[in-house]
>>> print(open('input-v8.pdb').read())   # PDB, C-alpha atoms and all ligand atoms
MODEL        1
ATOM      1  CA  MET Z   1      -2.114 -20.801  11.352
ATOM      2  CA  PRO Z   2      -5.816 -21.708  11.261
ATOM      3  CA  ALA Z   3      -8.274 -18.906  10.594
ATOM      4  CA  PRO Z   4     -10.249 -18.094  13.718
ATOM      5  CA  ASP Z   5     -13.710 -19.638  13.882
ATOM      6  CA  SER Z   6     -15.096 -16.162  14.227
ATOM      7  CA  ALA Z   7     -13.665 -15.123  10.829
ATOM      8  CA  VAL Z   8     -16.182 -12.924   9.087
ATOM      9  CA  VAL Z   9     -17.580 -14.449   5.914
ATOM     10  CA  THR Z  10     -16.647 -12.335   2.919
ATOM     11  CA  PRO Z  11     -19.746 -10.945   1.271
ATOM     12  CA  SER Z  12     -20.001 -12.535  -2.161
ATOM     13  CA  ASN Z  13     -20.827  -9.148  -3.701
ATOM     14  CA  GLY Z  14     -17.752  -7.247  -2.475
ATOM     15  CA  PRO Z  15     -14.148  -7.645  -3.584
ATOM     16  CA  VAL Z  16     -11.941  -9.920  -1.520
ATOM     17  CA  LEU Z  17      -8.998  -7.699  -2.377
ATOM     18  CA  ALA Z  18      -9.097  -4.060  -3.421
ATOM     19  CA  LEU Z  19      -6.038  -1.932  -4.100
ATOM     20  CA  ARG Z  20      -6.521   1.812  -4.330
ATOM     21  CA  GLY Z  21      -3.784   4.114  -5.600
ATOM     22  CA  LEU Z  22      -1.186   1.750  -4.174
ATOM     23  CA  ALA Z  23       2.412   2.916  -4.379
ATOM     24  CA  LYS Z  24       5.775   1.895  -2.986
ATOM     25  CA  HIS Z  25       8.898   3.941  -3.554
ATOM     26  CA  PHE Z  26      12.422   2.921  -2.660
ATOM     27  CA  GLY Z  27      14.234   6.231  -2.724
ATOM     28  CA  GLY Z  28      13.774   7.439  -6.271
ATOM     29  CA  VAL Z  29      12.604   4.037  -7.573
ATOM     30  CA  HIS Z  30       8.840   3.830  -8.046
ATOM     31  CA  ALA Z  31       8.626   0.050  -7.623
ATOM     32  CA  VAL Z  32       4.800   0.177  -7.506
ATOM     33  CA  ALA Z  33       2.997   3.238  -8.787
ATOM     34  CA  ASP Z  34      -0.677   4.035  -8.343
ATOM     35  CA  VAL Z  35      -2.013   0.503  -8.780
ATOM     36  CA  GLU Z  36      -5.777  -0.084  -8.735
ATOM     37  CA  LEU Z  37      -7.108  -3.627  -8.574
ATOM     38  CA  ASP Z  38     -10.290  -5.437  -7.530
ATOM     39  CA  VAL Z  39     -10.400  -9.186  -7.049
ATOM     40  CA  SER Z  40     -13.761 -10.862  -6.437
ATOM     41  CA  HIS Z  41     -14.570 -13.910  -4.360
ATOM     42  CA  GLY Z  42     -13.400 -17.115  -6.079
ATOM     43  CA  GLU Z  43     -11.587 -15.331  -8.896
ATOM     44  CA  ARG Z  44      -8.219 -16.403 -10.316
ATOM     45  CA  VAL Z  45      -6.093 -13.397 -11.185
ATOM     46  CA  SER Z  46      -2.558 -13.519 -12.540
ATOM     47  CA  VAL Z  47      -0.180 -10.594 -12.278
ATOM     48  CA  ILE Z  48       2.552 -10.784 -14.898
ATOM     49  CA  GLY Z  49       5.363  -8.534 -16.019
ATOM     50  CA  PRO Z  50       9.062  -8.618 -16.872
ATOM     51  CA  ASN Z  51      11.931  -8.413 -14.392
ATOM     52  CA  GLY Z  52      11.727  -5.326 -12.234
ATOM     53  CA  ALA Z  53       8.066  -4.647 -13.115
ATOM     54  CA  GLY Z  54       7.115  -4.445  -9.438
ATOM     55  CA  LYS Z  55       5.397  -7.816  -9.004
ATOM     56  CA  SER Z  56       7.271  -8.916  -5.876
ATOM     57  CA  THR Z  57       6.880  -5.491  -4.315
ATOM     58  CA  LEU Z  58       3.140  -5.646  -4.989
ATOM     59  CA  PHE Z  59       3.044  -9.116  -3.427
ATOM     60  CA  ASN Z  60       4.862  -7.889  -0.312
ATOM     61  CA  LEU Z  61       2.495  -4.945  -0.013
ATOM     62  CA  ILE Z  62      -0.559  -7.220  -0.179
ATOM     63  CA  ALA Z  63       0.965  -9.679   2.300
ATOM     64  CA  GLY Z  64       1.785  -6.881   4.748
ATOM     65  CA  ASP Z  65       5.550  -7.214   4.596
ATOM     66  CA  TYR Z  66       5.963  -3.717   3.152
ATOM     67  CA  ARG Z  67       4.226  -0.517   4.178
ATOM     68  CA  PRO Z  68       2.964   1.391   1.136
ATOM     69  CA  THR Z  69       4.259   4.863   0.370
ATOM     70  CA  ALA Z  70       0.706   5.782  -0.630
ATOM     71  CA  GLY Z  71      -2.650   4.155  -1.227
ATOM     72  CA  ARG Z  72      -4.950   1.646   0.427
ATOM     73  CA  ILE Z  73      -5.246  -2.120   0.705
ATOM     74  CA  GLU Z  74      -8.674  -3.525   1.479
ATOM     75  CA  LEU Z  75      -8.968  -7.187   2.349
ATOM     76  CA  PHE Z  76     -12.274  -8.941   2.909
ATOM     77  CA  GLY Z  77     -14.072  -5.619   2.889
ATOM     78  CA  ASP Z  78     -11.897  -3.848   5.471
ATOM     79  CA  ASP Z  79      -9.087  -1.358   5.156
ATOM     80  CA  LEU Z  80      -6.080  -3.342   6.404
ATOM     81  CA  THR Z  81      -3.400  -1.042   4.965
ATOM     82  CA  ARG Z  82      -1.773  -0.421   8.320
ATOM     83  CA  THR Z  83      -2.049  -3.945   9.709
ATOM     84  CA  SER Z  84       0.748  -6.495  10.040
ATOM     85  CA  ALA Z  85       1.230  -9.615   7.973
ATOM     86  CA  ARG Z  86       0.127 -11.600  11.005
ATOM     87  CA  VAL Z  87      -3.212  -9.830  11.270
ATOM     88  CA  ARG Z  88      -3.855 -10.345   7.564
ATOM     89  CA  ALA Z  89      -3.067 -14.049   7.941
ATOM     90  CA  HIS Z  90      -5.562 -14.264  10.808
ATOM     91  CA  ARG Z  91      -8.169 -12.661   8.616
ATOM     92  CA  GLY Z  92      -7.746 -15.325   5.940
ATOM     93  CA  LEU Z  93      -4.797 -14.384   3.743
ATOM     94  CA  ALA Z  94      -2.238 -17.085   3.001
ATOM     95  CA  ARG Z  95       0.918 -16.872   0.970
ATOM     96  CA  THR Z  96       3.778 -19.079  -0.042
ATOM     97  CA  PHE Z  97       7.349 -18.093   0.656
ATOM     98  CA  GLN Z  98      10.192 -17.994  -1.826
ATOM     99  CA  THR Z  99      12.489 -19.430   0.821
ATOM    100  CA  SER Z 100      11.250 -22.847   1.703
ATOM    101  CA  LYS Z 101       9.832 -23.399   5.178
ATOM    102  CA  LEU Z 102       9.752 -27.168   4.862
ATOM    103  CA  PHE Z 103      11.278 -29.629   7.318
ATOM    104  CA  THR Z 104      13.285 -31.802   4.961
ATOM    105  CA  THR Z 105      14.005 -34.689   7.345
ATOM    106  CA  MET Z 106      10.327 -35.170   8.160
ATOM    107  CA  THR Z 107       7.604 -36.805   6.097
ATOM    108  CA  VAL Z 108       5.042 -34.934   4.017
ATOM    109  CA  ASP Z 109       2.388 -36.045   6.510
ATOM    110  CA  ASP Z 110       4.324 -34.645   9.480
ATOM    111  CA  ASN Z 111       5.017 -31.343   7.723
ATOM    112  CA  LEU Z 112       1.335 -30.947   6.999
ATOM    113  CA  TYR Z 113       0.437 -31.922  10.531
ATOM    114  CA  LEU Z 114       2.708 -29.225  11.932
ATOM    115  CA  ALA Z 115       1.218 -26.674   9.550
ATOM    116  CA  LEU Z 116      -2.226 -27.622  10.851
ATOM    117  CA  CYS Z 117      -1.093 -27.294  14.453
ATOM    118  CA  GLY Z 118       0.232 -23.844  13.619
ATOM    119  CA  LYS Z 119       3.112 -24.224  16.042
ATOM    120  CA  PRO Z 120       6.479 -25.968  16.088
ATOM    121  CA  GLY Z 121       7.177 -28.924  18.324
ATOM    122  CA  SER Z 122       7.722 -32.655  18.404
ATOM    123  CA  VAL Z 123       5.266 -34.191  15.977
ATOM    124  CA  ARG Z 124       5.064 -37.362  18.036
ATOM    125  CA  ARG Z 125       4.224 -35.466  21.192
ATOM    126  CA  LEU Z 126       1.748 -33.193  19.429
ATOM    127  CA  ARG Z 127       0.000 -36.143  17.825
ATOM    128  CA  ARG Z 128      -0.206 -38.038  21.129
ATOM    129  CA  ALA Z 129      -1.769 -35.061  22.867
ATOM    130  CA  ASP Z 130      -4.101 -34.334  19.986
ATOM    131  CA  GLY Z 131      -7.685 -35.410  20.448
ATOM    132  CA  ASP Z 132      -8.689 -33.722  17.221
ATOM    133  CA  GLU Z 133      -9.620 -36.564  14.886
ATOM    134  CA  ARG Z 134     -10.330 -34.177  12.014
ATOM    135  CA  ARG Z 135      -6.879 -32.667  12.118
ATOM    136  CA  ARG Z 136      -5.293 -36.090  11.877
ATOM    137  CA  SER Z 137      -7.226 -36.942   8.734
ATOM    138  CA  ARG Z 138      -6.946 -33.465   7.262
ATOM    139  CA  THR Z 139      -3.300 -33.981   6.270
ATOM    140  CA  ARG Z 140      -4.563 -36.409   3.635
ATOM    141  CA  GLU Z 141      -7.087 -33.914   2.303
ATOM    142  CA  LEU Z 142      -4.401 -31.250   2.028
ATOM    143  CA  ALA Z 143      -1.991 -33.629   0.318
ATOM    144  CA  ARG Z 144      -4.753 -34.616  -2.121
ATOM    145  CA  ALA Z 145      -5.500 -30.983  -2.942
ATOM    146  CA  ALA Z 146      -1.847 -30.483  -3.811
ATOM    147  CA  GLY Z 147      -1.492 -33.739  -5.760
ATOM    148  CA  LEU Z 148       0.702 -35.362  -3.109
ATOM    149  CA  GLU Z 149      -1.555 -38.013  -1.616
ATOM    150  CA  ALA Z 150       0.766 -40.805  -2.732
ATOM    151  CA  LYS Z 151       3.710 -39.077  -1.045
ATOM    152  CA  LEU Z 152       2.344 -38.717   2.484
ATOM    153  CA  ALA Z 153       4.905 -41.103   3.961
ATOM    154  CA  THR Z 154       7.824 -39.750   1.920
ATOM    155  CA  GLU Z 155      10.545 -37.723   3.581
ATOM    156  CA  VAL Z 156      10.452 -34.199   2.205
ATOM    157  CA  GLY Z 157      14.142 -34.232   1.293
ATOM    158  CA  GLU Z 158      13.368 -37.032  -1.163
ATOM    159  CA  LEU Z 159      10.672 -35.090  -2.994
ATOM    160  CA  SER Z 160      11.437 -33.471  -6.327
ATOM    161  CA  HIS Z 161      11.684 -29.693  -6.464
ATOM    162  CA  GLY Z 162       8.220 -29.522  -8.004
ATOM    163  CA  GLU Z 163       6.729 -31.724  -5.299
ATOM    164  CA  GLN Z 164       8.271 -29.500  -2.643
ATOM    165  CA  ARG Z 165       6.530 -26.522  -4.198
ATOM    166  CA  GLN Z 166       3.283 -28.500  -4.161
ATOM    167  CA  LEU Z 167       3.837 -29.220  -0.486
ATOM    168  CA  GLU Z 168       4.379 -25.511   0.221
ATOM    169  CA  LEU Z 169       1.049 -24.915  -1.424
ATOM    170  CA  ALA Z 170      -0.608 -27.626   0.701
ATOM    171  CA  MET Z 171       0.871 -26.025   3.812
ATOM    172  CA  ALA Z 172      -0.512 -22.657   2.824
ATOM    173  CA  LEU Z 173      -3.920 -24.318   2.468
ATOM    174  CA  ALA Z 174      -3.713 -25.628   6.036
ATOM    175  CA  SER Z 175      -4.959 -22.301   7.391
ATOM    176  CA  GLU Z 176      -8.101 -22.593   5.211
ATOM    177  CA  PRO Z 177      -7.369 -19.259   3.562
ATOM    178  CA  ARG Z 178      -9.982 -17.171   1.833
ATOM    179  CA  LEU Z 179      -7.339 -15.484  -0.305
ATOM    180  CA  LEU Z 180      -4.192 -17.239  -1.435
ATOM    181  CA  ILE Z 181      -1.382 -15.242  -3.020
ATOM    182  CA  LEU Z 182       1.428 -17.101  -4.728
ATOM    183  CA  ASP Z 183       4.722 -15.516  -5.686
ATOM    184  CA  GLU Z 184       6.218 -17.171  -8.764
ATOM    185  CA  PRO Z 185       5.187 -20.706  -7.801
ATOM    186  CA  ALA Z 186       6.616 -22.124 -11.034
ATOM    187  CA  ALA Z 187      10.091 -20.628 -10.624
ATOM    188  CA  GLY Z 188      12.758 -23.233 -11.266
ATOM    189  CA  LEU Z 189      10.319 -25.988 -12.214
ATOM    190  CA  SER Z 190      10.744 -28.319 -15.190
ATOM    191  CA  PRO Z 191       8.067 -28.288 -17.922
ATOM    192  CA  ALA Z 192       6.541 -31.493 -16.503
ATOM    193  CA  GLU Z 193       6.479 -30.036 -12.990
ATOM    194  CA  ARG Z 194       4.867 -26.881 -14.318
ATOM    195  CA  GLY Z 195       2.152 -28.987 -15.901
ATOM    196  CA  THR Z 196       1.435 -30.688 -12.591
ATOM    197  CA  LEU Z 197       1.389 -27.387 -10.710
ATOM    198  CA  THR Z 198      -0.921 -25.822 -13.282
ATOM    199  CA  LYS Z 199      -3.350 -28.715 -12.852
ATOM    200  CA  VAL Z 200      -3.216 -28.482  -9.053
ATOM    201  CA  LEU Z 201      -3.846 -24.732  -9.110
ATOM    202  CA  SER Z 202      -6.648 -25.063 -11.632
ATOM    203  CA  GLU Z 203      -8.410 -27.602  -9.417
ATOM    204  CA  LEU Z 204      -8.228 -25.625  -6.171
ATOM    205  CA  SER Z 205     -11.535 -25.040  -4.422
ATOM    206  CA  ARG Z 206     -13.472 -21.992  -5.626
ATOM    207  CA  ASP Z 207     -13.900 -21.029  -1.984
ATOM    208  CA  ILE Z 208     -10.343 -19.809  -2.280
ATOM    209  CA  THR Z 209      -9.627 -16.636  -4.212
ATOM    210  CA  LEU Z 210      -6.284 -16.877  -5.986
ATOM    211  CA  VAL Z 211      -3.810 -14.171  -6.945
ATOM    212  CA  LEU Z 212      -0.800 -15.489  -8.769
ATOM    213  CA  ILE Z 213       2.261 -13.316  -9.265
ATOM    214  CA  GLU Z 214       4.157 -14.932 -12.083
ATOM    215  CA  HIS Z 215       7.006 -14.097 -14.373
ATOM    216  CA  ASP Z 216       6.192 -16.992 -16.653
ATOM    217  CA  MET Z 217       3.292 -16.332 -19.011
ATOM    218  CA  ASP Z 218       2.570 -20.019 -19.715
ATOM    219  CA  ILE Z 219       1.290 -20.814 -16.248
ATOM    220  CA  ALA Z 220      -0.163 -17.353 -15.608
ATOM    221  CA  LEU Z 221      -2.378 -17.428 -18.682
ATOM    222  CA  VAL Z 222      -3.669 -20.932 -18.019
ATOM    223  CA  VAL Z 223      -4.456 -20.509 -14.323
ATOM    224  CA  GLY Z 224      -5.558 -16.869 -14.427
ATOM    225  CA  GLU Z 225      -8.985 -16.009 -15.799
ATOM    226  CA  ARG Z 226      -8.040 -12.378 -15.643
ATOM    227  CA  VAL Z 227      -4.522 -11.159 -16.174
ATOM    228  CA  VAL Z 228      -2.938  -7.950 -14.959
ATOM    229  CA  VAL Z 229       0.199  -6.785 -16.719
ATOM    230  CA  MET Z 230       2.718  -4.669 -14.850
ATOM    231  CA  ALA Z 231       5.674  -2.762 -16.224
ATOM    232  CA  ASP Z 232       7.843  -0.142 -14.555
ATOM    233  CA  GLY Z 233       5.708  -0.360 -11.401
ATOM    234  CA  GLU Z 234       2.459   0.452 -13.165
ATOM    235  CA  LYS Z 235      -0.523  -1.650 -14.107
ATOM    236  CA  VAL Z 236      -0.424  -1.162 -17.860
ATOM    237  CA  LEU Z 237      -3.060  -3.626 -19.006
ATOM    238  CA  GLU Z 238      -5.759  -5.932 -17.701
ATOM    239  CA  GLY Z 239      -7.645  -8.522 -19.719
ATOM    240  CA  THR Z 240      -8.557 -12.118 -20.403
ATOM    241  CA  PRO Z 241      -5.755 -14.565 -21.240
ATOM    242  CA  ASP Z 242      -6.758 -14.350 -24.920
ATOM    243  CA  GLU Z 243      -6.598 -10.559 -24.881
ATOM    244  CA  ILE Z 244      -3.188 -10.676 -23.225
ATOM    245  CA  ARG Z 245      -1.904 -13.281 -25.702
ATOM    246  CA  SER Z 246      -2.861 -11.156 -28.664
ATOM    247  CA  SER Z 247      -1.726  -7.836 -27.178
ATOM    248  CA  GLU Z 248       0.914  -5.988 -29.126
ATOM    249  CA  LEU Z 249       1.834  -4.073 -25.963
ATOM    250  CA  VAL Z 250       2.516  -7.285 -24.044
ATOM    251  CA  ARG Z 251       4.556  -8.630 -26.924
ATOM    252  CA  ARG Z 252       6.679  -5.505 -26.900
ATOM    253  CA  ILE Z 253       7.155  -5.666 -23.116
ATOM    254  CA  TYR Z 254       8.205  -9.290 -23.205
ATOM    255  CA  LEU Z 255      10.471  -8.889 -26.170
ATOM    256  CA  GLY Z 256      12.362  -6.477 -23.938
ATOM    257  CA  GLY Z 257      12.162  -3.604 -26.359
ATOM    258  CA  ALA Z 258      11.989  -0.072 -25.073
ATOM    259  CA  PHE Z 259       8.718   0.033 -23.209
ATOM    260  CA  ASP Z 260       6.372   2.931 -23.599
ATOM    261  CA  ALA Z 261       2.831   2.472 -22.322
ATOM    262  CA  HIS Z 262       1.836   6.078 -22.819
TER
HETATM  263  N1  LIG E 301      14.133  -3.389  -1.222
HETATM  264  C1  LIG E 301      14.353  -2.663  -2.324
HETATM  265  N2  LIG E 301      15.145  -1.581  -2.303
HETATM  266  C2  LIG E 301      15.349  -0.842  -3.408
HETATM  267  N3  LIG E 301      14.795  -1.100  -4.616
HETATM  268  C3  LIG E 301      14.005  -2.177  -4.702
HETATM  269  C4  LIG E 301      13.733  -3.013  -3.571
HETATM  270  N4  LIG E 301      12.901  -4.005  -3.964
HETATM  271  C5  LIG E 301      12.662  -3.795  -5.275
HETATM  272  N5  LIG E 301      13.312  -2.708  -5.717
HETATM  273  C6  LIG E 301      13.269  -2.155  -7.079
HETATM  274  O1  LIG E 301      11.916  -1.990  -7.400
HETATM  275  C7  LIG E 301      11.665  -2.359  -8.753
HETATM  276  C8  LIG E 301      10.619  -3.475  -8.793
HETATM  277  O2  LIG E 301      11.200  -4.655  -8.248
HETATM  278  P1  LIG E 301      10.373  -6.002  -8.006
HETATM  279  O3  LIG E 301      11.314  -6.990  -7.371
HETATM  280  O4  LIG E 301       9.124  -5.703  -7.289
HETATM  281  O5  LIG E 301      10.041  -6.435  -9.496
HETATM  282  P2  LIG E 301       9.556  -7.864 -10.031
HETATM  283  O6  LIG E 301       8.545  -7.588 -11.072
HETATM  284  O7  LIG E 301       9.160  -8.726  -8.912
HETATM  285  O8  LIG E 301      10.864  -8.424 -10.703
HETATM  286  P3  LIG E 301      11.363  -9.975 -10.825
HETATM  287  O9  LIG E 301      10.457 -10.657 -11.795
HETATM  288  O10 LIG E 301      12.750  -9.819 -11.351
HETATM  289  O11 LIG E 301      11.311 -10.556  -9.441
HETATM  290  C9  LIG E 301      13.008  -2.755  -9.336
HETATM  291  O12 LIG E 301      13.553  -1.638  -9.980
HETATM  292  C10 LIG E 301      13.818  -3.130  -8.113
HETATM  293  O13 LIG E 301      15.196  -2.919  -8.343
ENDMDL
END
>>> encode(input="input-v8.pdb", output="structure tokens")
Amino acid sequence: MPAPDSAVVTPSNGPVLALRGLAKHFGGVHAVADVELDVSHGERVSVIGPNGAGKSTLFNLIAGDYRPTAGRIELFGDDLTRTSARVRAHRGLARTFQTSKLFTTMTVDDNLYLALCGKPGSVRRLRRADGDERRRSRTRELARAAGLEAKLATEVGELSHGEQRQLELAMALASEPRLLILDEPAAGLSPAERGTLTKVLSELSRDITLVLIEHDMDIALVVGERVVVMADGEKVLEGTPDEIRSSELVRRIYLGGAFDAH
């Protein structure tokens, strides 16, 4: 869904995303516990952590799919803790979905066109009624940004798994988001597909702030300039990729040994 023209420009000095004392409990499980995070305009931040660390819950809290048990979520300078996912999307937040929203019997071009229209319908009819020249050419720009320009005419069902993930990314870009959050974009990809995705993510416009929630350290440490490590619902460490690589704590967490951050 395109961001409204009236969208407020994020001040370059304030954080695009700020989490304050954020917590989500499921009964007795503290899935996310007292997380603090600031993400600045144009930054690339990876959130990593082993299974059950709370990454997906954090993602759902930011996206507006879960209501926090405690704490605050500020997006683009405003407290949007109590707003719906839809409102956040209107304000400039885009996300990818773990369950694919692609139309597999349609071409890449048509999928992107529908994403730009922001509504379902017959592509042929929408295109005929569409006097918006820019929108028609924008599918190519989106495909290029996601490394799929050569696949515009290909039916989505014929794309590789990795290419489908790239297309999901391109569709998320259709709304011209200011903040893009990606939940395990490399899940299930082959090493070659991961390489392609890493390149695509690394080359995304700096107008877009990127938060990547990723189980896999390889992609997270290449794309992220700053890395947040979660374990047992808590943010246990934050640092540069080099700091994370050489951290004894991270090594212990990922080796699956008994974790004790305190
Ligand atoms: N809807 C839910 N109801 C109850 N417990 C939940 C729910 N969602 C998550 N949890 C629990 O919260 C904790 C954090 O889960 P979460 O899925 O956020 O971790 P994760 O880091 O994303 O893990 P993974 O990498 O395996 O996806 C886990 O103990 C999980 O069992």
>>> resolve_selection(input="input-v8.pdb", expression="the PyMOL selection byres (((not hetatm)) within 10 of (chain E and resi 301))", output="PyMOL selection string")
chain Z and resi 24-32+47-61+66+183-184+213-216+230-233
>>> atom_distance(input="input-v8.pdb", atom1="atom CA of Ala115 of chain Z", atom2="atom CA of Ala172 of chain Z")
8.0 Å
>>> atom_distance(input="input-v8.pdb", atom1="atom CA of Glu238 of chain Z", atom2="atom CA of His41 of chain Z")
17.9 Å
>>> residues_around(input="input-v8.pdb", residues="segment 189-197 of chain Z", least_positions_apart="2", cutoff="8 Å", atoms="all atoms listed in the file", output="PDB file with C-alpha atoms, in the coordinates of the input")
ATOM      1  CA  HIS Z 161      11.684 -29.693  -6.464  1.00  0.00           C
ATOM      2  CA  GLY Z 162       8.220 -29.522  -8.004  1.00  0.00           C
ATOM      3  CA  GLU Z 163       6.729 -31.724  -5.299  1.00  0.00           C
ATOM      4  CA  GLN Z 166       3.283 -28.500  -4.161  1.00  0.00           C
ATOM      5  CA  ALA Z 186       6.616 -22.124 -11.034  1.00  0.00           C
ATOM      6  CA  ALA Z 187      10.091 -20.628 -10.624  1.00  0.00           C
ATOM      7  CA  LYS Z 199      -3.350 -28.715 -12.852  1.00  0.00           C
ATOM      8  CA  VAL Z 200      -3.216 -28.482  -9.053  1.00  0.00           C
ATOM      9  CA  LEU Z 201      -3.846 -24.732  -9.110  1.00  0.00           C
ATOM     10  CA  ILE Z 219       1.290 -20.814 -16.248  1.00  0.00           C
TER      11      ILE Z 219
END
>>> atom_distance(input="input-v8.pdb", atom1="atom CA of Leu167 of chain Z", atom2="atom CA of Thr209 of chain Z")
18.8 Å
>>> closest_residue(input="input-v8.pdb", among="Z:Glu149, Z:Glu36, Z:Asp218, Z:Asp110", to="Ala70 of chain Z", atoms="all atoms listed in the file")
Z:Glu36
>>> residues_near_point(input="input-v8.pdb", point="(10.5, -29.0, 0.1)", cutoff="10 Å", atoms="all atoms listed in the file", output="list of chain:residue names")
Z:Thr99, Z:Ser100, Z:Lys101, Z:Leu102, Z:Phe103, Z:Thr104, Z:Thr105, Z:Val108, Z:Asn111, Z:Glu155, Z:Val156, Z:Gly157, Z:Glu158, Z:Leu159, Z:Ser160, Z:His161, Z:Gly162, Z:Glu163, Z:Gln164, Z:Arg165, Z:Gln166, Z:Leu167, Z:Glu168
>>> resolve_selection(input="input-v8.pdb", expression="the PyMOL selection byres (((chain Z and resi 63) around 10) and not hetatm)", output="ChimeraX atom specification")
/Z:57-62,64-67,73,83-89,93-95,180-181
>>> resolve_selection(input="input-v8.pdb", expression="the PyMOL selection byres (((chain Z and resi 42) around 9) and not hetatm)", output="PyMOL selection string")
chain Z and resi 12+16+39-41+43-44+178-179+205-210
>>> residues_around(input="input-v8.pdb", residues="Leu17 of chain Z", least_positions_apart="3", cutoff="6 Å", atoms="all atoms listed in the file", output="compact mmCIF listing (two decimals) with C-alpha atoms, in the frame of the given file")
# COMPACT_ATOMS: atom_id res chain seq x y z
CA ASP Z 38 -10.29 -5.44 -7.53
CA VAL Z 39 -10.40 -9.19 -7.05
CA GLU Z 74 -8.67 -3.52 1.48
CA LEU Z 75 -8.97 -7.19 2.35
>>> closest_residue(input="input-v8.pdb", among="Z:Leu112, Z:Ala18, Z:Val229, Z:Leu169", to="Leu37 of chain Z", atoms="all atoms listed in the file")
Z:Ala18
>>> closest_residue(input="input-v8.pdb", among="Z:Arg20, Z:Asp109, Z:Tyr254, Z:Ala33", to="Ala150 of chain Z", atoms="only C-alpha atoms")
Z:Asp109
>>> residues_around(input="input-v8.pdb", residues="Glu225 of chain Z", least_positions_apart="6", cutoff="9 Å", atoms="only C-alpha atoms", output="ChimeraX atom specification")
/Z:43-46,239-241
>>> write_last_selection(input="input-v8.pdb", atoms="C-alpha atoms", output="PDB file, in the coordinates of the input")
ATOM      1  CA  GLU Z  43     -11.587 -15.331  -8.896  1.00  0.00           C
ATOM      2  CA  ARG Z  44      -8.219 -16.403 -10.316  1.00  0.00           C
ATOM      3  CA  VAL Z  45      -6.093 -13.397 -11.185  1.00  0.00           C
ATOM      4  CA  SER Z  46      -2.558 -13.519 -12.540  1.00  0.00           C
ATOM      5  CA  GLY Z 239      -7.645  -8.522 -19.719  1.00  0.00           C
ATOM      6  CA  THR Z 240      -8.557 -12.118 -20.403  1.00  0.00           C
ATOM      7  CA  PRO Z 241      -5.755 -14.565 -21.240  1.00  0.00           C
TER       8      PRO Z 241
END
>>> closest_residue(input="input-v8.pdb", among="Z:Met217, Z:Thr198, Z:Ala170, Z:Ser246", to="Ala143 of chain Z", atoms="only C-alpha atoms")
Z:Ala170
>>> decode(input="input-v8.pdb", residues="segment 232-254 of chain Z", atoms="C-alpha atoms", output="tab-separated table (two decimals), in the first residue's frame")
chain	number	residue	atom	x	y	z
Z	232	ASP	CA	15.91	-15.75	26.38
Z	233	GLY	CA	13.89	-12.68	25.36
Z	234	GLU	CA	16.56	-10.20	26.37
Z	235	LYS	CA	18.92	-8.04	24.39
Z	236	VAL	CA	22.20	-9.40	25.70
Z	237	LEU	CA	24.69	-7.69	23.42
Z	238	GLU	CA	24.95	-5.02	20.75
Z	239	GLY	CA	27.98	-4.32	18.59
Z	240	THR	CA	29.61	-4.19	15.19
Z	241	PRO	CA	29.79	-7.39	13.13
Z	242	ASP	CA	33.46	-7.74	14.11
Z	243	GLU	CA	32.65	-7.39	17.80
Z	244	ILE	CA	29.90	-9.97	17.49
Z	245	ARG	CA	32.15	-12.38	15.57
Z	246	SER	CA	34.80	-12.27	18.25
Z	247	SER	CA	32.40	-12.36	21.21
Z	248	GLU	CA	32.84	-15.26	23.58
Z	249	LEU	CA	29.26	-14.74	24.78
Z	250	VAL	CA	27.87	-15.11	21.26
Z	251	ARG	CA	29.97	-18.19	20.70
Z	252	ARG	CA	28.57	-19.75	23.84
Z	253	ILE	CA	24.98	-18.87	22.87
Z	254	TYR	CA	25.35	-20.34	19.41
